[in-house]
Structure formats: structure tokens, C-alpha cells
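Taking it in order: structure first as C-alpha cells, then the write-up.
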Amino acid sequence: MSSANPKPSAPVLDHDKVADQAGSGSYVANFEAKDSPLTRFKKFLHKYPVAAPTIVLILAIIGFSAIIGDRFLHPFNLSLVLQQVTIIGVIGVAQTLIILTAGIDLSVGAIMVLASVVMGRMAIDHGLEAWLALLIGIGVGALTGLINGSLITRFKLPPFIATLGSWNVFFALNLWYSKSETIRSQEIANNAPLLQWLGETVSFFGARLTYGSLLMLALFVLIWYALNWTAWGRHVYATGDDPAAAKLAGIRTDRILLSVYVLAGVVCAIGAWVLIGRIGSVSPQAGYTTNLDSITAVVIGGCSLFGGRGSIFGTLIGALVVGVFRNGLALAGVDVLWQEFTVGILIIVAVGVDQWIRKGTA
Amino acid sequence: MDQKGDSIMTAHYDQQPVLEARGLVKRYGSVTAIDHADLTLYPGEILAVIGDNGAGKSSLIKALSGALVPDEGEILLDGKAVHFGSPMEARELGIETVYQNLAVSPALNIADNLFLGREIRKPGILGSVFRMLDKKAMEERAQAKMKELGLMTIQNISQAVESLSGGQRQGVAVARSALFGSKVVIMDEPTAALGVKESRRVLNLIKEVRDRGLPIILISHNMPHVFEVADRIHIHRLGKCAATITPQTHTMSEAVAIMTGAMEVNSDSAAA
């Protein structure tokens with residue numbers, strides 16, 4: 001720390017120097033130079049929110065391949081991991097959008113299941129064209145998002161409470177509309193194969209990717225573009241970061257929030273299509289854990305629950321970290337309960353790291 | 001930067017005022033926050049607005065920046081009557097406000113903050129259909145503005161605002177107002193949250209903006225700062241203008257005396 005001071009030391013008046021060192025801030029201060037390696041690492045993590053989960057993912061892959069060997073690293077196994085995280089990934093996209101605005105959505109899983117039931121019943125029970133059933137399902141997703149968004153922007157309910165309520169409401173509606181009955185896979189395959197299309201696979205060098213996984217990756221790219229390359233995306237970050245400042249800058253934060261919840265609803269409905277492809281049937285009981293799993297992926301992916309900070313690709317990495325740990329532990333023959341244990345530890349560590357990063361640099 | 005003596009020469013008191021408020025009134029129930037207040041801002045000047053707490057200066061400023069709609073009176077911009085329903089409308093007419101609480105988004109970078117709410121899109125189909133931001137154009141304009149205002153020692157235009165000191169953040173807020181303010185910049189207590197050294201830099205920056213031709217309304221509690229940079233000082237008392245003085249004709253203690261009502265002034269004779 002004391003040895004080399006790379007700060008350009010032009011002849012400076014003594015009191016100026018003192019003021020600089022006292023940290024009263026100055027335009028000549030060089031921000032990177034005087035930090036310890038640990039602080040620099042912290043700033044690096046702060047600047048690149050994807051870095052921390054990526055490091056964990058790489059270490060996990062190295063670790064599991066050392067323990068398990070080729071069976072883990074086989075393209076088929078890796079593509080299996082990708083298939084297993086596809087639904088969490090899609091719903092994670094929706095959850096990321098909401099967490100970036102400093103909100104949280106507990107109803108994402110319920111929206112997905114409700115939309116899948118609507119898609120299934122429209123196509124099978126009402127005999128609509130499959131594409132039309134899909135569109136209606138997506139419309140239901142948008143409507144549920146609109147309800148959540150309105151509760152939060154119009155009635156000023158905290159997102160946690162608003163979506164806790166709507167979670168129960170949407171889940172009850174789903175049981176009512178489905179009559180708690182499952183639509184069998186065979187029936188869908190005969191009448192509306194389009195609903196299952198995302199479950200079909202393509203092969204690359206021994207890896208088997210589903211169209212659902214490809215759609216998930218496309219969604220990540222699309223939302224990444226919207227968040228980083230459009231004014232809307234900048235406004236989402238600004239709204240989550242400091243709503244008062246965003247308002248003073250002329251951003252209509254309520255409209256941004258509403259658009260985020262509606263978009264999240266649409267993404268959840270796309271998740272419903274992926275879900276039908278993955279399990280083949282339409283079940284009102286499916287995907288019940290998706291709510292919390294999506295939050296897990298977002299948090300491990302380095303998004304701050306305080307809003308305004310994080311990257312959409314972090315969520316993909318976060319979902320993959322969870323998928324790799326589950327898959328690796330299963331292949332190593334570890335009991336399922338230790339998978340849950342490990343995921344729990346990962347969440348706590350991720351939030352701890354976020355707090356640590358925010359503390360010194362914000 | 002230039003001295004007090006020269007700076008008064010840059011203002012043009014023979015010209016038409018840029019911004020003029022006449023007989024503004026704002027009542028909240030039985031309380032009259034603004035009581036037939038007048039204010040005149042000439043091209044190229046820094047007009048400081050001072051007043052005791054509760055004198056109604058923040059209501060007056062809110063009326064001028066569009067955050068409050070007065071009950072009576074008129075606001076003239078370049079001699080034409082204008083009416084603002086919101087801060088956005090005032091902003092569209094070229095009146096920018098720098099808020100006391102440093103209204104910047106900490107996690108966004110400098111260029112993003114400068115253009116927040118007024119982003120530039122790419123030309124052609126990329127911008128119109130794909131809504132793609134022209135980051136390069138925004139960064140270049142941000143860079144140019146920061147350089148013009150002598151803020152280019154902030155090394156990287158794409159660094160997050162939260163990595164900046166308080167004074168540098170204020171610099172970003174001022175640069176934003178200078179970038180978009182075509183007529184008037186209103187600054188509400190720009191040095192209130194800053195240390196001595198940082199305040200100095202912000203004061204220099206304010207003079208810099210003025211010297212580039214933008215007239216400024218500066219609200220401040222800090223008498224030495226006001227007397228250092230202001231060309232004229234509008235003293236607000238009991239909801240209206242008690243006097244308009246200059247740092248050359250009055251002392252700080254006289255200004256305080258007028259502000260508190262200990263001294264009466266015939267306001268017309270005092271103004272330049």
C-alpha cells in the first residue's frame with residue numbers, strides 16, 4: 001500500500017495534498033490506484049455483477065468433474081442440466097426484471113401454471129387452434145401482470161404483499177378452472193402437438209437441446225438487449241436504483257413499473273408453454289416450487305434485492321449454478337436433502353457477498 | 001475563475017429579462033406561501049435568492065421550475081407568458097433545475113445520468129424499430145460537456161456515479177442542466193451537502209456555466225457563497241421580494257438584516 005504511489009505527483013500545494021488525502025474528494029484523485037487487492041476485487045465484483053456467480057459456476061464444474069469425471073462432463077449430461085434449468089431460467093427472466101425495480105414477485109409460478117392450464121383447456125376442451133390457445137394463455141399472463149402492477153402502482157401496495165395475495169388468488173383460479181384435473185400428454189399430442197413442440201430436441205455433438213432451452217436462451221438475449229440498449233431498460237434500472245431521482249429526471253416510474261409487471265406476466269406465460277413441452281401434460285399441480293427457485297436463481301446470479309443492480313445473464317448463471325450443484329451431487333450419489341442444503345448455503349453466501357460488495361463501494 | 005468585479009460586466013441589464021415573475025400568489029388554505037412575489041432574471045447573470053426559513057423562497061422556486069402552479073400572477077419567459085403544469089413542461093421550455101438532494105441515479109454511469117429521460121436513439125431503423133440507444137453519441141456529447149465545464153478530470157465517462165465524490169456528483173447534475181438548459185438553470189442549495197473544497201469547485205462550476213451564457217438562479221443559505229458568485233441578490237421575506245441588492249452595494253450583515261426585517265429597503269433603488 002505504501003510502497004509505490006502511482007498517482008501523478010505534480011507539484012501540489014501542501015494544503016491541497018492534505019485535503020486530497022483527507023478524502024474530501026477532488027477532481028484529481030485517481031480512483032483505482034490506491035486500493036488494496038481485496039478492495040480492487042470488491043470493486044471488480046461490484047462493476048461486473050456476473051463475475052461472482054460465473055466464478056462459482058466454473059469452480060463447481062471443475063470440482064464436480066474432478067470428483068465424478070467424464071460422466072459429469074459428457075455433453076449429454078451437460079445438456080440435461082440445461083434442460084433441467086430451462087423453466088427456472090425463463091421464470092428467472094421475469095423475476096430479474098421485477099427484482100431490478102426493487103420489487104419481488106411471489107406469483108410468477110402461479111401465473112405460469114394458470115397460463116398453462118388456460119392454454120391446455122382452450123386447445124383441448126374448447127377445441128381452439130393451438131396457436132390461438134397459446135396467444136390466449138399469453139394474454140392471461142399479461143392480464144395477471146397488469147393486476148400485480150396495478151396493485152403496486154395504483155394502490156401502492158408493497159410488491160411482496162401484493163404478489164403474496166395474487167399468488168393465492170391465481171393458484172385458486174387455476175384449481176377452479178382446471179377442476180384440479182390433469183390434461184394427459186397423449187391427448188395433447190393427438191390434438192394440439194404445438195403445445196408440446198418446445199419439448200422436442202435437436203442434437204449437437206451428442207448434446208441434446210430442447211427447443212425450450214433455445215427459446216430460453218433467446219429470451220435472455222432479447223431482455224438483455226431491452227435492458228441495456230433501450231431507454232426503457234435504462235429507466236428500469238433508474239427506477240429500481242432511486243425512484244425519487246428517476247422521477248426528478250422526468251421518468252414516469254409508475255409506467256415503468258407497470259410495464260415491467262406486464263412483461264413479467266407475458267414471460268411467465270411463455271414459461272407455461274415451455275412447461276407443457278417439458279412435462280408433456282398440463283397439470284394444475286406442476287411447477288409449484290418455481291416461485292422460490294426463480295428468486296434463488298436471481299439472487300445467486302448477483303442481482304441485488306435492493307434494486308437497480310444486477311445483470312440478466314447473472315440469472316442464467318445463477319440457474320446453472322443451482323442446476324450443476326443438483327446434478328453433480330445427484331451423480332455423486334449424495335442424498336437429495338443435501339442438494340437442498342447446498343442450495344440454501346449458496347443463497348446465503350450470495351446475499352452475503354452482495355451486502356459485502358455494496359458496503360464499501362456504494 | 002474571474003473575479004467578482006468583472007463578473008457583473010457579463011450580465012446585460014439593458015436587455016429583456018430571460019425570466020420574469022410578476023405578482024405570483026400561492027395560498028395553502030389560510031397560509032399564503034407566495035404573496036405577490038416578483039422576480040427578474042437578466043441574461044448572463046447569477047441571481048441569488050436568499051431568505052429565512054419559511055419566507056417562501058422554495059415555493060417561489062417551485063413555481064418557476066414547474067413543480068407548483070401559482071394561483072395568481074404570471075411568469076414570462078423571454079417576454080412571453082408561459083404556464084407550466086409540471087417540471088417536464090418547464091424543462092421542455094429550457095428551464096432546468098438542479099435539486100438539492102443530488103437527483104442522480106448512483107448505479108448508472110455518468111453518460112446514462114446526463115441523458116436519463118432524454119436518451120438519444122440510433123438513426124434509421126435501428127433506432128425507430130429496435131429502439132436502440134446511440135451510446136456512442138451520448139458518451140461523446142457527455143464527454144464534450146464535461147470537458148467544456150472543466151470536469152474532465154473525472155476520468156471515465158462510463159464509471160458509475162456512485163464511485164464519485166459528492167462534489168463530482170453535483171458536477172454531473174450541473175452538467176446535465178447545462179447540457180439541456182437552453183434558457184435558465186435553477187440550482188437549489190448546490191453546496192449544502194458538500195465540504196469546503198468541494199463547494200469551491202461547484203462554485204467555480206456555477207460561474208463557468210454562467211460565463212457560457214446561461215443565466216442562473218441560485219438558492220442558498222450560505223452567505224459567503226452567495227456574495228462570492230452572485231451578480232444580484234434577491235432577498236425574499238414574508239412571501240415576497242423584500243429587496244434586490246448587489247454584493248457591491250450591500251454587506252452580508254445588511255443582507256441578513258433585510259432578510260430578517262431588521263432593515264427596510266426601497267427595493268427599486270437597490271437593484272442594478
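Ordered as shown in the C-alpha cells, chains take letters A, B, and onward, while each chain numbers its residues from 1 and ligands are numbered from 1 in the order shown.
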
Give me, as a PyMOL selection string, the residues of chain B touching chain A, with the criterion being at most 6 Å (counting only C-alpha atoms). chain B and resi 103-105+117+131-133+153+162+165

Env of B:Tyr42: 8 Å cut, atoms = only C-alpha atoms, seq-sep filter 2 positions within chain, self excluded. Answer as a ChimeraX atom specification. /B:11-13,15-19,40,44-45,215

Which polymer residues have any atom within 9 Å of an atom of B:Gly94, counting only C-alpha atoms, with same-chain residues fewer than 2 positions away left out, as a list of chain:residue names?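 That gives B:Glu89, B:Ala90, B:Arg91, B:Glu92, B:Glu96, B:Phe180, B:Gly181, B:Ser182, B:Lys183, B:Val184, B:Val185.
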
Give me the residues near B:Ala257 as a VMD selection string, where near means some atom within 12 Å (using only C-alpha atoms) and where sequence neighbours in that chain fewer than 2 positions away do not count. chain B and resid 50 to 52 235 to 237 242 to 243 250 to 255 259 to 265

As a VMD selection string, please: the residues near stretch 184-198 of chain A (cut-off 6 Å, only C-alpha atoms, same-chain neighbours under 3 positions excluded). chain A and resid 130 211 to 212 274 276 to 277 280 to 281

Can you list every residue in stretch 75-285 of chain A that DSSP puts in strand (DSSP E or B), as a count of residues only? 10

In Å, with one decimal, what is the gap from atom CA of B:Leu24 to atom CA of B:Asp231? 23.2 Å

Minimum-distance residue to B:Leu108, chosen among A:Ile183, A:Leu73, A:Val140, A:Val236 (using only C-alpha atoms):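 Using only C-alpha atoms, the shortest distance to B:Leu108 belongs to A:Val236.
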
Give me the residues within 12 Å of stretch 354-357 of chain A as an NGL selection string, counting only C-alpha atoms and dropping any in the same chain fewer than 3 places off. :A and (38-53 or 298-307 or 309-310 or 347-351 or 360-362)

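Taking only C-alpha atoms into account, B:Glu74 lies nearest to B:Val25 out of the set B:Ala178, B:Val25, B:Leu114, B:Ala142.
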
As a PyMOL selection string, list the residues of stretch 35-252 of chain B assigned to helix (DSSP H, G or I) by DSSP on the backbone atoms of this structure. chain B and resi 57-65+87-92+110-114+125-128+135-148+161-163+166-180+196-211+223-229+252

Report, in Å with one decimal, the straight-line distance from atom CA of A:Leu132 to atom CA of A:Glu200.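 Answer for the atom CA of A:Leu132 to atom CA of A:Glu200 separation: 20.4 Å.
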
Selected residue of minimal separation from A:Ile98 among A:Ser178, A:Thr342, A:Thr163, A:Asn327, counting only C-alpha atoms: A:Thr163
